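The file structure.cif contains mmCIF, C-alpha atoms:
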```cif
data_structure
#
loop_
_atom_site.group_PDB
_atom_site.id
_atom_site.type_symbol
_atom_site.label_atom_id
_atom_site.label_comp_id
_atom_site.auth_asym_id
_atom_site.auth_seq_id
_atom_site.Cartn_x
_atom_site.Cartn_y
_atom_site.Cartn_z
ATOM 1 C CA MET T 22 46.903 51.628 126.280
ATOM 2 C CA GLY T 23 46.743 55.408 125.907
ATOM 3 C CA PHE T 24 50.246 55.494 124.400
ATOM 4 C CA ASP T 25 49.328 52.834 121.818
ATOM 5 C CA LEU T 26 46.184 54.750 120.890
ATOM 6 C CA HIS T 27 48.214 57.919 120.445
ATOM 7 C CA ASN T 28 50.708 56.085 118.219
ATOM 8 C CA SER T 29 47.872 54.709 116.111
ATOM 9 C CA ILE T 30 46.436 58.182 115.633
ATOM 10 C CA VAL T 31 49.828 59.608 114.665
ATOM 11 C CA LYS T 32 50.474 56.762 112.212
ATOM 12 C CA GLY T 33 47.034 57.227 110.702
ATOM 13 C CA LYS T 34 47.625 60.941 110.203
ATOM 14 C CA ALA T 35 51.064 60.268 108.724
ATOM 15 C CA LEU T 36 49.583 57.782 106.255
ATOM 16 C CA SER T 37 46.889 60.253 105.298
ATOM 17 C CA LEU T 38 49.492 62.968 104.800
ATOM 18 C CA LEU T 39 51.576 60.655 102.599
ATOM 19 C CA CYS T 40 48.551 60.006 100.401
ATOM 20 C CA ILE T 41 47.902 63.727 100.124
ATOM 21 C CA VAL T 42 51.513 64.429 99.144
ATOM 22 C CA MET T 43 51.377 61.749 96.449
ATOM 23 C CA LEU T 44 48.144 63.171 95.083
ATOM 24 C CA ALA T 45 49.452 66.741 95.117
ATOM 25 C CA VAL T 46 52.676 65.825 93.361
ATOM 26 C CA GLY T 47 51.205 63.351 90.910
ATOM 27 C CA CYS T 48 47.976 65.093 89.949
ATOM 28 C CA ALA T 49 47.677 68.600 88.542
ATOM 29 C CA ALA T 50 44.637 70.765 89.159
ATOM 30 C CA PRO T 51 41.966 70.295 86.486
ATOM 31 C CA THR T 52 42.113 72.450 83.381
ATOM 32 C CA TYR T 53 38.804 73.837 82.132
ATOM 33 C CA THR T 54 38.444 74.735 78.476
ATOM 34 C CA ASP T 55 35.116 76.540 78.017
ATOM 35 C CA TYR T 56 37.080 79.309 76.280
ATOM 36 C CA SER T 57 34.372 80.213 73.776
ATOM 37 C CA ALA T 58 32.019 81.190 76.606
ATOM 38 C CA PHE T 59 34.463 83.861 77.773
ATOM 39 C CA ILE T 60 36.500 84.935 74.749
ATOM 40 C CA ASN T 61 34.763 86.791 71.901
ATOM 41 C CA ASP T 62 35.876 89.009 69.056
ATOM 42 C CA PRO T 63 37.385 92.276 70.321
ATOM 43 C CA GLU T 64 34.683 94.714 71.357
ATOM 44 C CA PRO T 65 34.756 98.243 72.767
ATOM 45 C CA LEU T 66 34.862 98.349 76.535
ATOM 46 C CA VAL T 67 31.445 98.731 78.120
ATOM 47 C CA SER T 68 30.835 102.327 79.074
ATOM 48 C CA SER T 69 28.720 103.821 81.827
ATOM 49 C CA GLU T 70 26.105 104.693 79.154
ATOM 50 C CA GLU T 71 25.280 100.971 78.840
ATOM 51 C CA TYR T 72 25.279 100.313 82.576
ATOM 52 C CA ARG T 73 21.816 99.943 84.094
ATOM 53 C CA LEU T 74 21.344 101.535 87.464
ATOM 54 C CA ALA T 75 20.256 99.637 90.560
ATOM 55 C CA PRO T 76 20.372 100.098 94.349
ATOM 56 C CA PRO T 77 22.726 101.023 95.985
ATOM 57 C CA ASP T 78 24.567 102.680 93.066
ATOM 58 C CA ALA T 79 25.567 106.313 93.517
ATOM 59 C CA ILE T 80 25.081 108.879 90.761
ATOM 60 C CA ALA T 81 26.117 112.458 90.081
ATOM 61 C CA ILE T 82 23.597 114.880 88.581
ATOM 62 C CA THR T 83 24.738 118.092 86.903
ATOM 63 C CA SER T 84 23.070 120.896 84.969
ATOM 64 C CA LYS T 85 24.107 124.288 83.622
ATOM 65 C CA ARG T 86 20.584 125.732 83.603
ATOM 66 C CA VAL T 87 18.632 123.947 86.354
ATOM 67 C CA ARG T 88 20.198 125.378 89.490
ATOM 68 C CA GLU T 89 18.223 123.100 91.854
ATOM 69 C CA VAL T 90 20.083 120.056 90.541
ATOM 70 C CA ALA T 91 23.265 121.790 89.406
ATOM 71 C CA ASN T 92 25.607 119.595 91.427
ATOM 72 C CA LEU T 93 23.997 116.695 93.277
ATOM 73 C CA ARG T 94 25.244 113.334 94.548
ATOM 74 C CA GLU T 95 22.531 110.754 95.155
ATOM 75 C CA GLN T 96 22.498 107.109 96.224
ATOM 76 C CA ILE T 97 19.689 104.980 94.830
ATOM 77 C CA ARG T 98 17.380 103.831 97.605
ATOM 78 C CA PRO T 99 16.314 100.181 98.057
ATOM 79 C CA ASP T 100 12.999 101.028 96.365
ATOM 80 C CA GLY T 101 14.893 102.129 93.236
ATOM 81 C CA ARG T 102 14.128 105.826 93.673
ATOM 82 C CA ILE T 103 15.942 109.079 94.351
ATOM 83 C CA ASN T 104 14.428 112.281 95.694
ATOM 84 C CA LEU T 105 15.421 115.489 93.911
ATOM 85 C CA PRO T 106 14.755 119.156 94.611
ATOM 86 C CA LEU T 107 12.102 120.576 92.273
ATOM 87 C CA LEU T 108 11.554 117.214 90.511
ATOM 88 C CA GLY T 109 10.514 115.128 93.522
ATOM 89 C CA SER T 110 10.720 111.339 93.736
ATOM 90 C CA VAL T 111 11.996 109.665 90.560
ATOM 91 C CA PHE T 112 12.246 105.938 89.838
ATOM 92 C CA VAL T 113 15.690 105.306 88.334
ATOM 93 C CA ALA T 114 16.433 101.584 88.752
ATOM 94 C CA GLY T 115 16.890 99.692 85.497
ATOM 95 C CA LYS T 116 17.657 102.792 83.446
ATOM 96 C CA THR T 117 20.915 103.809 81.808
ATOM 97 C CA CYS T 118 22.485 107.156 82.618
ATOM 98 C CA GLU T 119 21.529 108.420 79.171
ATOM 99 C CA GLU T 120 17.888 107.368 79.617
ATOM 100 C CA LEU T 121 17.726 108.986 83.036
ATOM 101 C CA SER T 122 19.330 112.188 81.740
ATOM 102 C CA VAL T 123 16.637 112.467 79.059
ATOM 103 C CA GLU T 124 13.847 111.784 81.567
ATOM 104 C CA LEU T 125 15.087 114.308 84.145
ATOM 105 C CA SER T 126 15.599 116.958 81.472
ATOM 106 C CA SER T 127 12.034 116.383 80.270
ATOM 107 C CA LEU T 128 10.666 116.774 83.817
ATOM 108 C CA ALA T 129 12.685 119.946 84.365
ATOM 109 C CA ARG T 130 11.336 121.570 81.178
ATOM 110 C CA GLU T 131 8.111 122.259 83.058
ATOM 111 C CA TYR T 132 10.157 124.880 84.923
ATOM 112 C CA TYR T 133 13.105 125.647 82.613
ATOM 113 C CA GLU T 134 12.656 125.937 78.863
ATOM 114 C CA ASP T 135 16.199 124.818 77.996
ATOM 115 C CA ALA T 136 16.713 122.305 80.782
ATOM 116 C CA ASP T 137 19.770 120.115 80.333
ATOM 117 C CA ILE T 138 20.492 117.499 82.992
ATOM 118 C CA THR T 139 23.327 114.995 82.828
ATOM 119 C CA VAL T 140 23.718 111.859 84.946
ATOM 120 C CA HIS T 141 26.736 109.631 85.420
ATOM 121 C CA VAL T 142 27.662 106.858 87.835
ATOM 122 C CA ILE T 143 30.120 107.648 90.614
ATOM 123 C CA GLY T 144 29.656 104.475 92.643
ATOM 124 C CA PHE T 145 29.211 101.071 91.009
ATOM 125 C CA ALA T 146 27.793 99.077 93.915
ATOM 126 C CA SER T 147 24.866 96.983 92.699
ATOM 127 C CA LYS T 148 26.743 94.482 90.532
ATOM 128 C CA LYS T 149 29.547 92.235 91.745
ATOM 129 C CA ILE T 150 32.298 89.881 90.680
ATOM 130 C CA PHE T 151 33.987 87.575 93.177
ATOM 131 C CA VAL T 152 37.554 86.479 93.888
ATOM 132 C CA PHE T 153 38.425 83.598 96.215
ATOM 133 C CA GLY T 154 41.396 81.398 97.015
ATOM 134 C CA GLU T 155 45.019 82.359 97.509
ATOM 135 C CA VAL T 156 44.717 86.138 97.199
ATOM 136 C CA SER T 157 45.404 88.976 99.606
ATOM 137 C CA GLY T 158 41.943 90.431 99.124
ATOM 138 C CA PRO T 159 39.275 87.726 98.783
ATOM 139 C CA GLY T 160 35.648 88.751 98.485
ATOM 140 C CA SER T 161 33.391 90.769 96.211
ATOM 141 C CA TYR T 162 34.439 93.587 93.898
ATOM 142 C CA SER T 163 32.331 96.153 92.094
ATOM 143 C CA TYR T 164 31.486 95.241 88.505
ATOM 144 C CA ASN T 165 31.517 98.217 86.150
ATOM 145 C CA GLY T 166 31.530 96.500 82.766
ATOM 146 C CA THR T 167 35.261 96.986 82.130
ATOM 147 C CA ASN T 168 36.698 94.412 84.552
ATOM 148 C CA THR T 169 39.079 91.925 82.956
ATOM 149 C CA VAL T 170 40.705 88.831 84.429
ATOM 150 C CA LEU T 171 44.098 90.511 84.680
ATOM 151 C CA SER T 172 42.881 93.843 86.038
ATOM 152 C CA THR T 173 40.858 92.079 88.736
ATOM 153 C CA LEU T 174 43.756 89.837 89.751
ATOM 154 C CA ALA T 175 46.019 92.883 89.920
ATOM 155 C CA ILE T 176 43.701 94.307 92.566
ATOM 156 C CA ALA T 177 43.079 91.039 94.445
ATOM 157 C CA GLN T 178 46.839 90.288 94.535
ATOM 158 C CA PRO T 179 47.562 86.524 94.410
ATOM 159 C CA THR T 180 49.770 85.448 97.315
ATOM 160 C CA ARG T 181 53.036 83.501 97.149
ATOM 161 C CA LEU T 182 51.018 80.352 97.964
ATOM 162 C CA ALA T 183 49.004 80.730 94.747
ATOM 163 C CA ASP T 184 49.372 78.697 91.574
ATOM 164 C CA PRO T 185 49.274 81.479 88.956
ATOM 165 C CA THR T 186 49.329 78.980 86.085
ATOM 166 C CA ARG T 187 45.926 77.424 86.838
ATOM 167 C CA ILE T 188 43.556 80.226 87.778
ATOM 168 C CA GLN T 189 39.923 79.272 87.239
ATOM 169 C CA ILE T 190 37.246 81.590 85.865
ATOM 170 C CA LEU T 191 33.710 80.430 86.659
ATOM 171 C CA ARG T 192 30.551 81.782 85.067
ATOM 172 C CA PRO T 193 27.195 80.840 86.652
ATOM 173 C CA ASP T 194 23.992 80.444 84.684
ATOM 174 C CA ALA T 195 20.635 81.968 85.585
ATOM 175 C CA ASP T 196 20.099 79.284 88.239
ATOM 176 C CA GLY T 197 23.413 80.001 89.937
ATOM 177 C CA GLN T 198 25.074 76.794 88.736
ATOM 178 C CA MET T 199 28.689 77.024 87.539
ATOM 179 C CA ARG T 200 28.080 75.954 83.933
ATOM 180 C CA LYS T 201 31.079 77.524 82.181
ATOM 181 C CA ARG T 202 34.687 77.361 83.310
ATOM 182 C CA MET T 203 38.079 78.148 81.899
ATOM 183 C CA THR T 204 41.626 77.969 83.246
ATOM 184 C CA VAL T 205 44.055 80.808 82.577
ATOM 185 C CA ASN T 206 47.809 81.129 83.050
ATOM 186 C CA MET T 207 48.513 84.487 84.673
ATOM 187 C CA ASP T 208 52.269 83.860 84.519
ATOM 188 C CA ARG T 209 52.056 83.652 80.748
ATOM 189 C CA MET T 210 49.972 86.812 80.594
ATOM 190 C CA VAL T 211 52.468 88.806 82.646
ATOM 191 C CA LYS T 212 55.805 87.344 81.544
ATOM 192 C CA GLU T 213 55.088 86.654 77.874
ATOM 193 C CA GLY T 214 52.388 89.222 77.176
ATOM 194 C CA ASP T 215 49.891 86.542 76.119
ATOM 195 C CA THR T 216 46.556 88.225 76.808
ATOM 196 C CA SER T 217 44.491 85.967 74.545
ATOM 197 C CA LEU T 218 42.574 84.675 77.585
ATOM 198 C CA ASN T 219 42.321 88.011 79.380
ATOM 199 C CA ALA T 220 38.534 87.861 79.187
ATOM 200 C CA LEU T 221 36.170 90.731 79.826
ATOM 201 C CA LEU T 222 34.299 89.557 82.911
ATOM 202 C CA GLU T 223 30.528 89.553 83.339
ATOM 203 C CA GLU T 224 28.439 90.317 86.388
ATOM 204 C CA GLY T 225 28.533 87.396 88.837
ATOM 205 C CA ASP T 226 31.742 85.840 87.468
ATOM 206 C CA VAL T 227 33.939 84.065 90.008
ATOM 207 C CA ILE T 228 37.739 83.928 89.939
ATOM 208 C CA TYR T 229 39.308 81.135 91.990
ATOM 209 C CA VAL T 230 43.063 81.198 92.593
ATOM 210 C CA PRO T 231 44.159 77.695 93.685
ATOM 211 C CA PRO T 232 47.103 76.973 95.977
ATOM 212 C CA ASN T 233 50.272 75.610 94.421
ATOM 213 C CA PRO T 234 51.042 71.899 95.037
ATOM 214 C CA LEU T 235 53.328 72.577 98.008
ATOM 215 C CA ALA T 236 50.802 74.915 99.586
ATOM 216 C CA SER T 237 48.073 72.297 99.042
ATOM 217 C CA VAL T 238 50.106 69.831 101.094
ATOM 218 C CA GLY T 239 50.571 72.394 103.845
ATOM 219 C CA LEU T 240 46.866 73.225 103.943
ATOM 220 C CA ALA T 241 45.940 69.541 104.025
ATOM 221 C CA PHE T 242 48.404 68.930 106.841
ATOM 222 C CA GLN T 243 46.872 71.831 108.749
ATOM 223 C CA GLN T 244 43.447 70.236 108.378
ATOM 224 C CA LEU T 245 44.794 66.962 109.750
ATOM 225 C CA LEU T 246 46.129 68.752 112.802
ATOM 226 C CA LEU T 247 43.038 70.923 113.209
ATOM 227 C CA PRO T 248 41.497 68.844 116.056
ATOM 228 C CA LEU T 249 44.737 69.214 118.010
ATOM 229 C CA GLN T 250 44.970 72.999 117.711
ATOM 230 C CA PRO T 251 42.912 75.798 119.247
ATOM 231 C CA ALA T 252 40.138 76.681 116.856
ATOM 232 C CA ALA T 253 40.851 80.380 117.119
ATOM 233 C CA SER T 254 44.367 79.952 115.736
ATOM 234 C CA THR T 255 43.418 77.867 112.714
ATOM 235 C CA VAL T 256 40.012 78.954 111.517
ATOM 236 C CA LYS T 257 39.596 82.350 109.882
ATOM 237 C CA GLY T 258 36.497 84.293 110.726
ATOM 238 C CA PRO T 259 34.047 85.870 108.304
ATOM 239 C CA THR T 260 35.884 89.193 108.468
ATOM 240 C CA ASP T 261 38.571 87.742 106.198
ATOM 241 C CA ILE T 262 36.171 87.926 103.258
ATOM 242 C CA TYR T 263 34.566 91.277 102.663
ATOM 243 C CA ASP T 264 33.065 93.580 100.117
ATOM 244 C CA HIS T 265 35.915 95.476 98.485
ATOM 245 C CA SER T 266 33.530 97.856 96.760
ATOM 246 C CA GLN T 267 33.149 99.542 100.147
ATOM 247 C CA SER T 268 36.918 99.775 100.731
ATOM 248 C CA ARG T 269 38.950 102.742 99.611
ATOM 249 C CA VAL T 270 42.155 100.690 99.361
ATOM 250 C CA TYR T 271 41.686 97.494 97.363
ATOM 251 C CA GLY T 272 43.483 94.251 98.062
ATOM 252 C CA ASN T 273 44.929 95.532 101.338
ATOM 253 C CA ASN T 274 43.879 93.870 104.574
ATOM 254 C CA ASN T 275 45.715 96.352 106.745
#
```
Rewrite the coordinates I just gave you, this time as structure tokens.
Amino acid sequence: MGFDLHNSIVKGKALSLLCIVMLAVGCAAPTYTDYSAFINDPEPLVSSEEYRLAPPDAIAITSKRVREVANLREQIRPDGRINLPLLGSVFVAGKTCEELSVELSSLAREYYEDADITVHVIGFASKKIFVFGEVSGPGSYSYNGTNTVLSTLAIAQPTRLADPTRIQILRPDADGQMRKRMTVNMDRMVKEGDTSLNALLEEGDVIYVPPNPLASVGLAFQQLLLPLQPAASTVKGPTDIYDHSQSRVYGNNN
């Protein structure tokens, strides 16, 4: 009785696997064509002057005349403030570096007639883009306004199990729903130099790198065998997805 039950289970799994193979071979991954939502007329790359500060960004403050803040490195606190010598507590969240430079210079003129204070970002940490799927470095990456599809994939490093011809770019709306999608062919970008879909990403964009058809079959087969294998050897823990903005070496799990 036990042997017959085992045979039935094996046959059932084999039939399921056959169906999966047929689907993987016969059906390609969907192609999304919301290109207009991602691709616009060429524009200058976004600079740090247009970037609005937020916790926990890090900034550098320099001045030739105000010695108290001549060479400072500050991280924005959760309350959106920084505390500076001479100038005290200053609310900086939501301001550009240029706006903050003007404000700090104005405050310092109470003590220095020709105060000149300059601010620039040294740690983009408050805004994120995300990469998932068949990449060496899945997780979140710092968004600095200049991230493109290709530059982000170069850091995330698609694996040999990836399908580089059907990479999906997802853009959520204000409610967090994935309203806009497009599919890009990274192979064409790299091998043929076709960068027409190398979009400039926006904060919150998601890149999903799907497995190739053969890898899809292997992953599905693994799921079928999952109840028969020790959980520790088949299920990856949460440490496999991490915040790369805190890592000094990107796309490297070592």
Query raised in the report: Within 9 Å of (40.2, 88.7, 82.9), in the coordinates the file gives, what residues turn up when you count only C-alpha atoms, written out as JSON, numbers by chain?
Result: {"T": [168, 169, 170, 171, 172, 173, 174, 190, 205, 216, 218, 219, 220, 221, 222, 228]}
Requested in this report: Decode the PyMOL selection byres ((chain T and resi 72) around 10) for the given file into explicit residues and return them as a VMD selection string.
Outcome: chain T and resid 67 to 71 73 to 75 115 to 119 141 to 142 145 148 164 to 166
Here's the selection I'm unsure about, the PyMOL selection byres ((chain T and resi 77-79) around 9); applied to the file above, which residues does it give, as a short mmCIF file (atom, residue, chain, number, x, y, z; two decimals) with C-alpha atoms, in the frame of the given file?
```
data_model
loop_
_atom_site.label_atom_id
_atom_site.label_comp_id
_atom_site.auth_asym_id
_atom_site.auth_seq_id
_atom_site.Cartn_x
_atom_site.Cartn_y
_atom_site.Cartn_z
CA LEU T 74 21.34 101.54 87.46
CA ALA T 75 20.26 99.64 90.56
CA PRO T 76 20.37 100.10 94.35
CA ILE T 80 25.08 108.88 90.76
CA ALA T 81 26.12 112.46 90.08
CA ARG T 94 25.24 113.33 94.55
CA GLU T 95 22.53 110.75 95.16
CA GLN T 96 22.50 107.11 96.22
CA ILE T 97 19.69 104.98 94.83
CA ARG T 98 17.38 103.83 97.60
CA PRO T 99 16.31 100.18 98.06
CA GLY T 101 14.89 102.13 93.24
CA HIS T 141 26.74 109.63 85.42
CA VAL T 142 27.66 106.86 87.84
CA ILE T 143 30.12 107.65 90.61
CA GLY T 144 29.66 104.48 92.64
CA PHE T 145 29.21 101.07 91.01
CA ALA T 146 27.79 99.08 93.92
CA SER T 147 24.87 96.98 92.70
CA LYS T 148 26.74 94.48 90.53
#
```
Requested in this report: Have a look at CA of Ile176 in chain T and CA of Pro159 in chain T and let me know their distance in Å, one decimal.
Outcome: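 Computing the Euclidean distance for CA of Ile176 in chain T and CA of Pro159 in chain T yields 10.1 Å.
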Query raised in the report: So how far away is CA of Arg200 in chain T from CA of Ala175 in chain T, in Å?
Result: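 Here the two named atoms are 25.4 Å from each other.
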Report task. One decimal, Å: what's the distance from CA of Tyr132 in chain T over to CA of Gly109 in chain T, could you say? Result ->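 Result for CA of Tyr132 in chain T versus CA of Gly109 in chain T: 13.0 Å, one decimal.
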